[in-house]
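Engineer: This is upload_3.cif, which holds mmCIF, C-alpha atoms and all ligand atoms:
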data_upload
#
loop_
_atom_site.label_atom_id
_atom_site.label_comp_id
_atom_site.auth_asym_id
_atom_site.auth_seq_id
_atom_site.Cartn_x
_atom_site.Cartn_y
_atom_site.Cartn_z
CA MET E 10 92.04 146.61 45.80
CA LEU E 11 93.16 143.09 45.02
CA PRO E 12 91.84 141.68 41.75
CA SER E 13 89.41 138.86 42.48
CA ARG E 14 89.80 135.22 41.52
CA SER E 15 86.97 135.61 39.01
CA SER E 16 88.95 138.23 37.08
CA PHE E 17 91.57 135.55 36.23
CA PRO E 18 91.08 132.73 33.71
CA PRO E 19 89.26 129.67 35.08
CA GLY E 20 91.69 127.26 36.74
CA PHE E 21 94.27 129.94 37.55
CA LEU E 22 95.90 128.83 40.80
CA PHE E 23 96.78 130.90 43.85
CA GLY E 24 99.28 129.76 46.42
CA ALA E 25 101.57 130.83 49.20
CA ALA E 26 105.17 129.73 49.67
CA THR E 27 107.56 128.99 52.52
CA SER E 28 110.84 127.08 52.75
CA ALA E 29 112.03 124.42 55.16
CA TYR E 30 114.89 126.18 56.95
CA GLN E 31 112.96 129.45 57.14
CA VAL E 32 109.93 128.03 58.97
CA GLU E 33 110.32 124.48 60.29
CA GLY E 34 112.72 124.71 63.23
CA HIS E 35 115.88 122.91 62.25
CA ALA E 36 116.72 121.78 65.79
CA PHE E 37 113.73 119.42 65.81
CA GLY E 38 113.33 115.90 64.51
CA GLY E 39 116.89 114.69 64.04
CA ALA E 40 117.94 117.01 61.19
CA GLY E 41 121.67 117.23 60.51
CA GLY E 42 123.73 120.44 60.57
CA THR E 43 123.81 122.66 57.49
CA HIS E 44 126.03 125.36 56.06
CA TRP E 45 123.42 127.93 57.11
CA ASP E 46 123.87 126.97 60.79
CA THR E 47 127.60 127.61 60.68
CA PHE E 48 127.35 130.63 58.38
CA ALA E 49 124.94 132.18 60.90
CA ALA E 50 127.24 131.28 63.81
CA THR E 51 130.10 133.23 62.22
CA PRO E 52 130.23 136.91 63.26
CA GLY E 53 129.05 139.47 60.71
CA ASN E 54 127.04 137.19 58.44
CA VAL E 55 123.52 137.32 59.88
CA VAL E 56 121.70 139.96 61.91
CA ARG E 57 122.24 139.07 65.60
CA ALA E 58 123.72 135.74 64.39
CA GLU E 59 120.16 134.35 64.28
CA ASN E 60 119.53 130.93 62.78
CA GLY E 61 116.68 128.59 61.89
CA ALA E 62 116.89 126.38 65.00
CA ARG E 63 113.31 127.19 66.00
CA ALA E 64 112.06 129.54 63.25
CA CYS E 65 108.23 129.37 63.16
CA ASP E 66 108.13 125.86 64.65
CA HIS E 67 106.24 124.77 61.54
CA TYR E 68 107.62 121.31 62.36
CA HIS E 69 105.07 121.07 65.17
CA ARG E 70 102.50 123.69 64.09
CA TRP E 71 102.11 122.65 60.44
CA GLY E 72 98.46 121.70 60.98
CA GLU E 73 97.59 125.21 62.10
CA ASP E 74 99.57 126.64 59.17
CA LEU E 75 97.80 124.44 56.62
CA ASP E 76 94.47 125.51 58.17
CA LEU E 77 95.52 129.11 57.51
CA LEU E 78 96.17 128.28 53.85
CA ARG E 79 92.82 126.63 53.49
CA ALA E 80 90.92 129.39 55.28
CA GLY E 81 92.79 131.91 53.09
CA ASN E 82 91.22 130.24 50.01
CA PHE E 83 94.61 129.27 48.56
CA ASP E 84 94.80 126.36 46.13
CA VAL E 85 98.46 125.39 46.44
CA TYR E 86 101.14 125.30 49.13
CA ARG E 87 104.70 125.70 47.85
CA PHE E 88 106.98 124.16 50.48
CA SER E 89 110.48 122.68 50.50
CA THR E 90 112.20 119.64 51.91
CA SER E 91 115.35 120.03 53.96
CA TRP E 92 118.09 117.75 52.62
CA ALA E 93 119.68 117.49 56.09
CA ARG E 94 116.35 116.61 57.71
CA VAL E 95 115.90 113.72 55.30
CA MET E 96 119.59 112.70 55.12
CA PRO E 97 121.46 114.21 58.08
CA GLU E 98 124.89 113.53 56.56
CA GLY E 99 123.70 114.49 53.08
CA ARG E 100 124.40 110.95 51.81
CA GLY E 101 123.62 107.45 53.01
CA ARG E 102 121.54 107.26 56.17
CA VAL E 103 117.92 108.37 55.92
CA ASN E 104 116.32 109.97 58.98
CA ALA E 105 112.94 108.22 59.14
CA GLU E 106 111.54 110.91 61.42
CA GLY E 107 112.34 113.55 58.80
CA LEU E 108 110.74 111.69 55.95
CA ASP E 109 107.69 110.95 58.12
CA PHE E 110 107.31 114.66 58.77
CA TYR E 111 107.04 115.45 55.06
CA ASP E 112 104.70 112.52 54.60
CA ARG E 113 102.34 113.92 57.23
CA LEU E 114 102.66 117.39 55.76
CA VAL E 115 101.70 116.23 52.26
CA ASP E 116 98.78 114.19 53.57
CA GLY E 117 97.76 117.22 55.63
CA MET E 118 97.61 119.32 52.47
CA LEU E 119 95.57 116.74 50.58
CA ALA E 120 93.17 116.40 53.51
CA ARG E 121 92.54 120.15 53.27
CA GLY E 122 92.17 120.22 49.50
CA LEU E 123 95.55 121.94 49.01
CA LYS E 124 97.87 120.98 46.15
CA PRO E 125 101.41 120.16 47.35
CA ALA E 126 104.08 121.98 45.31
CA LEU E 127 107.47 120.68 46.36
CA THR E 128 110.85 122.35 46.03
CA LEU E 129 113.55 119.82 46.88
CA TYR E 130 116.30 122.28 47.79
CA HIS E 131 115.88 125.77 49.21
CA TRP E 132 119.41 126.51 50.39
CA GLU E 133 120.33 124.53 53.54
CA LEU E 134 123.14 122.26 52.40
CA PRO E 135 124.12 119.43 54.79
CA SER E 136 127.46 120.34 56.45
CA PRO E 137 129.27 117.12 55.48
CA LEU E 138 128.62 117.98 51.82
CA ALA E 139 129.77 121.55 52.37
CA ASP E 140 132.99 120.06 53.80
CA LEU E 141 133.49 118.30 50.46
CA GLY E 142 133.21 121.58 48.56
CA GLY E 143 129.42 121.76 48.35
CA TRP E 144 128.21 123.27 45.08
CA ARG E 145 131.82 123.61 43.87
CA ASN E 146 132.12 119.83 43.72
CA ARG E 147 130.75 118.23 40.58
CA ASP E 148 129.74 115.14 42.60
CA ILE E 149 126.94 117.19 44.11
CA ALA E 150 124.81 116.34 41.08
CA GLY E 151 124.90 112.66 42.05
CA TRP E 152 124.41 113.33 45.76
CA PHE E 153 121.42 115.53 44.93
CA GLY E 154 120.04 112.88 42.59
CA ASP E 155 120.17 110.33 45.42
CA PHE E 156 118.41 112.71 47.83
CA THR E 157 115.81 113.41 45.16
CA GLU E 158 115.17 109.70 44.76
CA VAL E 159 114.61 109.21 48.50
CA VAL E 160 112.07 112.04 48.63
CA ALA E 161 110.42 111.13 45.33
CA ARG E 162 109.90 107.49 46.31
CA ARG E 163 108.14 108.55 49.48
CA LEU E 164 106.13 111.61 48.35
CA GLY E 165 106.10 111.40 44.56
CA ASP E 166 102.71 109.72 44.27
CA ARG E 167 100.92 112.60 46.04
CA LEU E 168 102.65 115.77 44.84
CA TRP E 169 100.96 118.22 42.51
CA SER E 170 104.30 119.55 41.25
CA ALA E 171 107.99 119.32 41.98
CA ALA E 172 110.98 121.56 41.23
CA PRO E 173 114.53 120.59 42.14
CA ILE E 174 116.13 123.87 43.21
CA ASN E 175 114.98 127.29 44.35
CA GLU E 176 116.73 130.26 42.72
CA PRO E 177 120.01 129.00 41.24
CA TRP E 178 121.36 132.58 41.10
CA CYS E 179 121.26 132.84 44.89
CA ILE E 180 123.11 129.54 45.27
CA GLY E 181 125.71 130.47 42.66
CA TRP E 182 126.29 134.21 42.61
CA LEU E 183 124.90 135.50 45.90
CA SER E 184 126.60 132.77 47.92
CA HIS E 185 129.93 132.33 46.07
CA PHE E 186 130.61 135.73 44.45
CA LEU E 187 128.93 138.25 46.75
CA GLY E 188 129.41 136.13 49.87
CA GLN E 189 126.06 137.23 51.30
CA HIS E 190 124.61 133.75 51.74
CA ALA E 191 126.13 130.48 52.94
CA PRO E 192 128.87 129.43 52.34
CA GLY E 193 129.87 133.12 52.16
CA MET E 194 132.53 132.80 49.48
CA ARG E 195 133.84 135.56 47.19
CA ASP E 196 135.63 133.78 44.38
CA ILE E 197 134.95 133.80 40.66
CA ARG E 198 136.09 130.22 40.07
CA ALA E 199 133.89 128.94 42.88
CA THR E 200 131.00 130.98 41.42
CA ALA E 201 131.32 129.68 37.87
CA ARG E 202 131.51 126.11 39.11
CA ALA E 203 128.64 126.44 41.56
CA MET E 204 126.43 128.02 38.87
CA HIS E 205 127.14 125.21 36.46
CA HIS E 206 126.83 122.42 39.04
CA VAL E 207 123.49 123.78 40.26
CA LEU E 208 122.18 123.28 36.74
CA LEU E 209 123.72 119.83 36.48
CA ALA E 210 122.06 118.88 39.77
CA HIS E 211 118.77 120.32 38.51
CA GLY E 212 118.87 118.22 35.33
CA THR E 213 119.92 115.12 37.26
CA ALA E 214 116.99 115.47 39.67
CA ILE E 215 114.52 115.97 36.81
CA LYS E 216 115.77 112.74 35.21
CA VAL E 217 115.44 110.86 38.49
CA MET E 218 111.87 112.04 39.02
CA ARG E 219 110.86 111.36 35.41
CA GLY E 220 112.34 107.90 35.77
CA LEU E 221 110.04 107.30 38.72
CA GLY E 222 107.04 108.39 36.67
CA MET E 223 106.46 111.73 38.37
CA LYS E 224 104.58 114.44 36.49
CA ASN E 225 104.42 118.23 36.46
CA LEU E 226 108.13 118.86 36.96
CA GLY E 227 109.51 122.39 36.70
CA ALA E 228 112.19 124.87 37.65
CA VAL E 229 112.18 128.06 39.72
CA CYS E 230 114.52 130.97 38.96
CA ASN E 231 114.64 134.50 40.34
CA PHE E 232 114.65 137.59 38.15
CA GLU E 233 115.63 141.17 38.90
CA TYR E 234 114.99 143.92 36.37
CA ALA E 235 118.35 145.49 35.49
CA ALA E 236 118.04 149.15 34.47
CA PRO E 237 120.99 151.29 33.38
CA ALA E 238 121.63 153.99 36.01
CA ASP E 239 121.94 156.69 33.32
CA ALA E 240 121.71 157.15 29.55
CA SER E 241 125.38 156.37 28.82
CA PRO E 242 126.39 153.38 26.67
CA GLU E 243 128.63 152.28 29.58
CA ALA E 244 125.66 152.05 31.92
CA ALA E 245 123.68 150.17 29.27
CA ALA E 246 126.52 147.64 28.94
CA ALA E 247 126.79 147.29 32.73
CA ALA E 248 123.06 146.59 33.05
CA GLN E 249 123.23 144.10 30.20
CA LEU E 250 126.04 142.20 31.91
CA TYR E 251 124.10 142.14 35.19
CA ASP E 252 121.06 140.86 33.30
CA ALA E 253 123.21 138.13 31.70
CA TYR E 254 124.53 136.51 34.87
CA TYR E 255 121.40 137.17 36.90
CA ASN E 256 118.45 136.66 34.57
CA ARG E 257 119.70 134.73 31.55
CA PHE E 258 122.44 132.33 32.67
CA PHE E 259 120.23 129.62 34.12
CA ILE E 260 117.30 129.85 31.75
CA SER E 261 119.60 129.75 28.72
CA GLY E 262 121.36 126.73 30.18
CA MET E 263 118.06 124.92 30.78
CA PHE E 264 116.30 125.82 27.55
CA ARG E 265 119.04 126.52 24.99
CA GLY E 266 122.02 124.51 26.18
CA GLU E 267 124.33 127.52 26.20
CA TYR E 268 125.41 130.40 28.45
CA PRO E 269 125.07 134.10 27.55
CA ALA E 270 127.90 135.23 25.29
CA GLU E 271 128.64 138.38 27.34
CA LEU E 272 129.83 136.21 30.23
CA MET E 273 132.08 133.83 28.45
CA ALA E 274 135.34 135.81 28.35
CA ALA E 275 135.35 136.18 32.13
CA PHE E 276 133.58 132.94 33.01
CA ALA E 277 134.68 130.19 30.65
CA PRO E 278 138.20 129.79 32.13
CA HIS E 279 136.59 128.96 35.48
CA LEU E 280 133.95 126.49 34.35
CA PRO E 281 134.70 122.81 35.01
CA GLU E 282 136.31 120.85 32.21
CA GLY E 283 133.84 119.38 29.74
CA TRP E 284 131.03 121.69 30.84
CA GLN E 285 129.53 121.79 27.34
CA ASP E 286 128.79 118.06 27.54
CA ASP E 287 126.56 118.55 30.58
CA PHE E 288 123.84 120.35 28.64
CA ALA E 289 122.37 117.02 27.60
CA THR E 290 121.43 116.57 31.28
CA ILE E 291 120.76 120.23 32.04
CA ARG E 292 118.23 120.52 29.19
CA ALA E 293 115.97 117.76 30.55
CA PRO E 294 112.47 118.73 29.34
CA LEU E 295 110.25 120.54 31.84
CA ASP E 296 106.49 120.81 32.26
CA TRP E 297 106.40 124.35 33.66
CA PHE E 298 108.65 127.23 34.60
CA GLY E 299 108.43 129.38 37.74
CA LEU E 300 109.56 132.99 38.19
CA ASN E 301 110.35 134.61 41.51
CA TYR E 302 110.21 138.39 41.19
CA TYR E 303 110.60 141.19 43.73
CA THR E 304 112.41 144.27 42.45
CA ARG E 305 114.69 146.07 40.00
CA LYS E 306 118.25 147.38 40.32
CA LEU E 307 119.91 150.44 38.77
CA ILE E 308 123.34 149.46 37.49
CA ALA E 309 126.30 151.75 36.74
CA PRO E 310 129.84 151.00 35.61
CA ALA E 311 132.49 151.03 38.34
CA PRO E 312 136.27 150.79 38.46
CA GLY E 313 137.82 147.47 39.43
CA PRO E 314 137.90 143.92 38.10
CA TRP E 315 135.09 142.20 36.18
CA PRO E 316 132.12 142.65 36.33
CA ALA E 317 133.15 146.28 37.04
CA HIS E 318 129.74 147.65 37.92
CA ARG E 319 127.80 148.70 40.99
CA GLU E 320 124.23 149.19 42.16
CA VAL E 321 122.96 152.76 42.46
CA GLU E 322 120.10 153.73 44.76
CA GLY E 323 116.92 154.27 42.76
CA PRO E 324 114.12 156.83 43.21
CA LEU E 325 111.10 154.50 43.51
CA PRO E 326 109.28 153.72 46.79
CA LYS E 327 111.06 150.91 48.65
CA THR E 328 110.08 147.97 50.82
CA ASP E 329 111.47 147.36 54.31
CA VAL E 330 114.50 145.58 52.84
CA GLY E 331 115.23 148.60 50.61
CA TRP E 332 114.02 146.99 47.38
CA GLU E 333 112.40 149.36 44.89
CA ILE E 334 108.79 148.53 44.04
CA PHE E 335 108.64 148.06 40.25
CA PRO E 336 105.66 145.90 39.22
CA GLU E 337 106.30 146.51 35.49
CA GLY E 338 109.40 144.36 35.85
CA LEU E 339 107.23 141.32 36.48
CA HIS E 340 105.38 141.92 33.21
CA HIS E 341 108.74 142.36 31.44
CA PHE E 342 110.01 138.97 32.61
CA LEU E 343 106.75 137.17 31.88
CA ARG E 344 107.25 138.29 28.27
CA VAL E 345 111.02 137.74 28.05
CA VAL E 346 111.01 134.30 29.67
CA GLN E 347 108.63 133.09 26.98
CA GLU E 348 111.40 133.57 24.42
CA TYR E 349 113.03 130.61 26.15
CA THR E 350 110.09 128.63 27.45
CA GLY E 351 107.70 128.99 24.49
CA GLU E 352 104.30 127.48 25.24
CA LEU E 353 105.29 126.05 28.63
CA PRO E 354 102.92 127.02 31.46
CA LEU E 355 104.43 129.74 33.66
CA TYR E 356 103.91 130.41 37.36
CA VAL E 357 104.93 133.35 39.49
CA THR E 358 106.35 131.15 42.24
CA GLU E 359 107.31 134.02 44.61
CA ASN E 360 106.30 137.65 44.91
CA GLY E 361 105.77 139.77 48.00
CA MET E 362 107.28 142.45 50.19
CA ALA E 363 108.86 143.02 53.57
CA ALA E 364 107.00 145.53 55.71
CA PRO E 365 107.71 146.59 59.28
CA ASP E 366 105.95 144.87 62.16
CA ARG E 367 102.71 146.68 62.96
CA LEU E 368 100.92 144.42 65.41
CA ALA E 369 98.61 146.66 67.47
CA ALA E 370 95.53 145.69 69.45
CA GLY E 371 95.64 142.19 68.00
CA SER E 372 95.64 143.14 64.33
CA VAL E 373 98.23 143.98 61.69
CA GLN E 374 97.48 146.67 59.14
CA ASP E 375 99.67 146.22 56.06
CA ALA E 376 98.00 148.31 53.39
CA ASP E 377 101.37 148.70 51.64
CA ARG E 378 101.58 144.92 51.15
CA ILE E 379 98.04 144.79 49.77
CA ALA E 380 98.95 147.54 47.29
CA TYR E 381 102.15 145.71 46.32
CA LEU E 382 100.32 142.44 45.69
CA ALA E 383 97.53 144.19 43.80
CA ALA E 384 99.98 146.02 41.53
CA HIS E 385 101.86 142.81 40.71
CA LEU E 386 98.68 140.80 40.16
CA ARG E 387 97.55 143.47 37.69
CA GLN E 388 100.82 143.01 35.78
CA CYS E 389 100.03 139.29 35.68
CA GLN E 390 96.63 140.07 34.20
CA ARG E 391 98.25 142.37 31.65
CA ALA E 392 100.56 139.53 30.56
CA ILE E 393 97.68 137.04 30.43
CA ALA E 394 95.67 139.43 28.25
CA GLU E 395 98.65 139.51 25.87
CA GLY E 396 98.61 135.73 25.63
CA VAL E 397 101.32 134.76 28.14
CA PRO E 398 100.51 131.24 29.41
CA LEU E 399 100.63 132.25 33.07
CA ARG E 400 98.75 129.68 35.15
CA GLY E 401 99.26 130.69 38.76
CA TYR E 402 100.68 133.07 41.34
CA PHE E 403 102.25 132.42 44.75
CA CYS E 404 102.79 134.95 47.54
CA TRP E 405 106.01 135.01 49.45
CA SER E 406 105.36 134.24 52.22
CA LEU E 407 102.60 132.60 54.20
CA LEU E 408 104.39 133.43 57.47
CA ASP E 409 106.87 135.96 58.80
CA ASN E 410 109.99 133.80 58.97
CA TYR E 411 113.78 133.53 59.04
CA GLU E 412 114.85 135.92 56.29
CA TRP E 413 118.37 134.49 55.84
CA SER E 414 121.11 137.05 56.51
CA LEU E 415 118.46 139.50 57.75
CA GLY E 416 117.45 137.13 60.55
CA TYR E 417 113.96 137.64 62.01
CA ASP E 418 114.01 141.40 61.50
CA LYS E 419 112.35 141.56 58.10
CA ARG E 420 108.76 140.41 57.79
CA PHE E 421 107.46 139.04 54.49
CA GLY E 422 104.44 137.15 55.90
CA LEU E 423 100.74 137.39 55.16
CA VAL E 424 100.50 136.07 58.71
CA HIS E 425 102.31 137.76 61.58
CA VAL E 426 104.41 135.52 63.80
CA ASP E 427 105.38 136.55 67.32
CA PHE E 428 108.78 134.86 67.57
CA ALA E 429 108.60 134.80 71.39
CA THR E 430 105.26 132.98 71.65
CA LEU E 431 105.02 131.68 68.04
CA ARG E 432 101.44 132.92 67.94
CA ARG E 433 100.16 133.49 64.40
CA VAL E 434 98.00 136.53 63.62
CA PRO E 435 96.71 136.89 60.04
CA LYS E 436 97.47 140.37 58.69
CA ALA E 437 95.06 142.61 56.77
CA SER E 438 96.71 141.35 53.55
CA TYR E 439 95.78 137.76 54.43
CA HIS E 440 92.16 138.77 55.02
CA ALA E 441 92.09 140.79 51.80
CA LEU E 442 93.42 137.81 49.84
CA ALA E 443 90.96 135.42 51.48
CA THR E 444 88.14 137.69 50.26
CA ALA E 445 89.58 138.18 46.77
CA LEU E 446 90.19 134.45 46.33
CA GLN E 447 86.71 133.30 47.35
CA ARG E 448 85.42 130.67 44.97
C1 LIG K 1 113.72 134.82 47.80
C2 LIG K 1 113.89 133.50 48.54
C3 LIG K 1 113.05 133.39 49.79
C4 LIG K 1 112.99 134.70 50.53
C5 LIG K 1 112.57 135.80 49.60
C6 LIG K 1 112.38 137.14 50.26
O1 LIG K 1 114.89 135.09 47.10
O2 LIG K 1 113.57 132.43 47.71
O3 LIG K 1 113.60 132.36 50.56
O4 LIG K 1 114.20 134.95 51.12
O5 LIG K 1 113.51 135.93 48.58
#
Taking this structure as input, can you express it in the form of structure tokens?
Ligand code: FCB
Structural biologist:
Amino acid sequence: MLPSRSSFPPGFLFGAATSAYQVEGHAFGGAGGTHWDTFAATPGNVVRAENGARACDHYHRWGEDLDLLRAGNFDVYRFSTSWARVMPEGRGRVNAEGLDFYDRLVDGMLARGLKPALTLYHWELPSPLADLGGWRNRDIAGWFGDFTEVVARRLGDRLWSAAPINEPWCIGWLSHFLGQHAPGMRDIRATARAMHHVLLAHGTAIKVMRGLGMKNLGAVCNFEYAAPADASPEAAAAAQLYDAYYNRFFISGMFRGEYPAELMAAFAPHLPEGWQDDFATIRAPLDWFGLNYYTRKLIAPAPGPWPAHREVEGPLPKTDVGWEIFPEGLHHFLRVVQEYTGELPLYVTENGMAAPDRLAAGSVQDADRIAYLAAHLRQCQRAIAEGVPLRGYFCWSLLDNYEWSLGYDKRFGLVHVDFATLRRVPKASYHALATALQR
């Protein structure tokens, strides 16, 4: 059973999240090309080479989707703006149609009593900027600052919260070291630079928004519990290294103005010159911090170059994307993050699971998702009882959507989407949440 709203402190907020490229339909409304379009069009990167051209058609059906949020008794909608929809070339020209879309969307939320929680960038980089080196190019901080200003001037007066960048680790490591996301690189120098520049862009955007008088500015990072695969000291060291570049790199940059010591021997030679001086920007004060949490990994040492480790399959029950279900990891990070963030309000900005499509006779039974959400919400309550200043929780995701390299195969939604007809059918988990969240 899902814990009810009344079992959380008064004012605790519940939301659901989506992102622009995953739901909107990038072919609509004059948006420019992005590195995800071309990454997807390259064989071997994405299941069936699927892309976000139509996605959930949220671009046209946003009213219906906001109605679902309201009827589900959610308080907040976490959405993102597509850089290429607002500025098709990434710099210069503004696409009025794109900005108007987000204007309507924000007004639509307010009209329904929903708080708009903006993420400026959730992974679709305009192609002309990718041509210039994308996140490897230090100039991206300025380009991103300019984009931020355009969005902030138009929407800033009506947002509840804003965060510059979703999940820096995915932009840096997953996309430039593992090559699993656009731009699909596998290069340590590119990785170190991208990871640093993401933070520089983050700090730059915070400064821009502060300068415009915006309030409630935060950051959103993803965390994965790193467990040693066995009891050996080598496995412990491997897990610690994984934890350093995954879980600690960005938060230590933002809150301590330094990078984890374990990484420096391998990483420092590849960081851009003068990187230490950027912490003045990177450490721009924040009003809240958001954690995205899904799973844990078992890590073992492995032969080969740095980082010389590998993932080992774990014994716990898994979701449809093969991720182990480990709710205790969420509690762990809510505690650990506080060592960096202190008294700052925390939010779980994403949590949820992929489960196979089970639409039958007009309804979707997803008891496994309800159990997953319940288990993670109980870990939130455990942390709150221990004094962690956790102020809200967001489900990933409102809708089944474009799950990046997994295409439309993997379904994370509380609401089922038939990608042929685009019909939305709320799943059992949606109904269970609507009941639990009644005011
Ligand atoms: C997160 C992403 C989100 C979605 C979920 C499953 O890492 O922020 O876009 O892909 O994972």
Engineer: Can you write out as CSV which residues of chain E fall within 8 Å of ligand LIG 1 (chain K), alongside each residue's closest atom pair and its distance in Å to one decimal, counting only C-alpha atoms and all ligand atoms and ordering rows by chain and ascending residue number?
Structural biologist:
residue,atom,partner,partner_atom,distance
E:Thr27,CA,K:LIG1,O3,7.2
E:Ser28,CA,K:LIG1,O3,6.3
E:Gln31,CA,K:LIG1,O3,7.2
E:His131,CA,K:LIG1,O3,7.1
E:Asn175,CA,K:LIG1,O2,6.3
E:Glu176,CA,K:LIG1,O2,6.3
E:Cys179,CA,K:LIG1,O1,7.1
E:Asn231,CA,K:LIG1,O1,6.8
E:Asn301,CA,K:LIG1,C1,7.1
E:Tyr303,CA,K:LIG1,O5,7.7
E:Glu359,CA,K:LIG1,O2,7.2
E:Gly361,CA,K:LIG1,C6,7.5
E:Met362,CA,K:LIG1,C6,7.4
E:Ala363,CA,K:LIG1,C6,7.6
E:Trp405,CA,K:LIG1,C5,6.6
E:Ser406,CA,K:LIG1,C5,7.8
E:Glu412,CA,K:LIG1,O4,5.3
E:Trp413,CA,K:LIG1,O4,6.3
E:Phe421,CA,K:LIG1,C6,6.8
Engineer: Quick one: everything within 10 Å of stretch 196-203 of chain E, counting all atoms listed in the file, minus sequence neighbours fewer than 2 positions away in the same chain. Send it as an NGL selection string.
Structural biologist: :E and (142-147 or 149 or 177-178 or 180-188 or 193-194 or 205-209 or 275-282 or 284 or 315)
Engineer: To one decimal in Å, tell me the separation between atom CA of E:Ala93 and atom CA of E:Asn410.
Structural biologist: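 Distance between the two atoms: 19.2 Å.
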Engineer: Using all atoms listed in the file, which of E:Lys419, E:Arg378, E:Arg219, E:Arg113 sits nearest E:Met10?
Structural biologist: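 For E:Met10, the nearest of the given residues is E:Arg378.
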Engineer: Give me the box for stretch 123-128 of chain E as AutoDock Vina command-line options, namely the centre and edge lengths in Å to one decimal of a box along x, y and z that holds every listed atom plus 5 Å on each side.
Structural biologist:
--center_x 103.2 --center_y 121.3 --center_z 47.2 --size_x 25.3 --size_y 12.2 --size_z 13.7
Engineer: Could you name the residues that touch E:Arg305 at 9 Å or less, counting all atoms listed in the file, but leaving out those on the same chain fewer than 5 positions away, as a VMD selection string?
Structural biologist: chain E and resid 232 to 236 323 332 to 335 338
Engineer: Rounded to one decimal, what separation in Å do you get between atom CA of E:Asp252 and atom CA of E:Asp296?
Structural biologist: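 Atom CA of E:Asp296 lies at a distance of 24.8 Å from atom CA of E:Asp252.
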Engineer: When distances are computed from only C-alpha atoms, which of E:Arg57, E:Arg319, E:Arg292, E:Arg432 shows the smallest separation from E:Gly212?
Structural biologist: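 Going through E:Arg57, E:Arg319, E:Arg292, E:Arg432 one by one, the smallest distance to E:Gly212 is for E:Arg292.
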Engineer: Atom CA of E:Ala443 and atom CA of E:Pro19 are how many Å apart?
Structural biologist: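 These two atoms are separated by 17.5 Å.
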Engineer: Which residue gives the smallest distance to E:Gly227 among E:Leu300, E:Leu138, E:Ala245, E:Met204, with all atoms listed in the file counted?
Structural biologist: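 Going through E:Leu300, E:Leu138, E:Ala245, E:Met204 one by one, the smallest distance to E:Gly227 is for E:Leu300.
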Engineer: Could you give me, as a PyMOL selection string, the residues that have an atom at most 8 Å away from the point (115.6, 117.1, 60.3) in the coordinates of the file, using only C-alpha atoms?
Structural biologist: chain E and resi 35-41+91+93-97+104+106-107
Engineer: Measuring atom to atom with only C-alpha atoms, identify which of E:Leu114, E:Ala394, E:Ala429, E:Ala441 is nearest to E:Leu164.
Structural biologist: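 Closest residue, counting only C-alpha atoms: E:Leu114.
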Engineer: As an mmCIF file, in the frame of the given file, please: stretch 336-347 of chain E completed to N, CA and C atoms.
Structural biologist:
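After the write, result_4.cif holds the following:
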data_model
loop_
_atom_site.group_PDB
_atom_site.id
_atom_site.type_symbol
_atom_site.label_atom_id
_atom_site.label_comp_id
_atom_site.auth_asym_id
_atom_site.auth_seq_id
_atom_site.Cartn_x
_atom_site.Cartn_y
_atom_site.Cartn_z
ATOM 1 N N PRO E 336 106.516 146.995 39.714
ATOM 2 C CA PRO E 336 105.660 145.900 39.220
ATOM 3 C C PRO E 336 105.820 145.646 37.724
ATOM 4 N N GLU E 337 106.149 146.685 36.952
ATOM 5 C CA GLU E 337 106.300 146.510 35.490
ATOM 6 C C GLU E 337 107.382 145.486 35.163
ATOM 7 N N GLY E 338 108.335 145.332 36.074
ATOM 8 C CA GLY E 338 109.400 144.360 35.850
ATOM 9 C C GLY E 338 108.865 142.942 35.776
ATOM 10 N N LEU E 339 107.813 142.667 36.519
ATOM 11 C CA LEU E 339 107.230 141.320 36.480
ATOM 12 C C LEU E 339 106.642 141.065 35.084
ATOM 13 N N HIS E 340 105.926 142.044 34.561
ATOM 14 C CA HIS E 340 105.380 141.920 33.210
ATOM 15 C C HIS E 340 106.506 141.713 32.198
ATOM 16 N N HIS E 341 107.581 142.495 32.332
ATOM 17 C CA HIS E 341 108.740 142.360 31.440
ATOM 18 C C HIS E 341 109.239 140.914 31.411
ATOM 19 N N PHE E 342 109.439 140.327 32.585
ATOM 20 C CA PHE E 342 110.010 138.970 32.610
ATOM 21 C C PHE E 342 109.014 137.917 32.130
ATOM 22 N N LEU E 343 107.728 138.134 32.390
ATOM 23 C CA LEU E 343 106.750 137.170 31.880
ATOM 24 C C LEU E 343 106.799 137.117 30.355
ATOM 25 N N ARG E 344 107.111 138.257 29.729
ATOM 26 C CA ARG E 344 107.250 138.290 28.270
ATOM 27 C C ARG E 344 108.588 137.683 27.831
ATOM 28 N N VAL E 345 109.676 138.128 28.485
ATOM 29 C CA VAL E 345 111.020 137.740 28.050
ATOM 30 C C VAL E 345 111.261 136.229 28.233
ATOM 31 N N VAL E 346 110.788 135.710 29.359
ATOM 32 C CA VAL E 346 111.010 134.300 29.670
ATOM 33 C C VAL E 346 110.408 133.400 28.588
ATOM 34 N N GLN E 347 109.300 133.859 28.037
ATOM 35 C CA GLN E 347 108.630 133.090 26.980
ATOM 36 C C GLN E 347 109.506 132.866 25.760
#
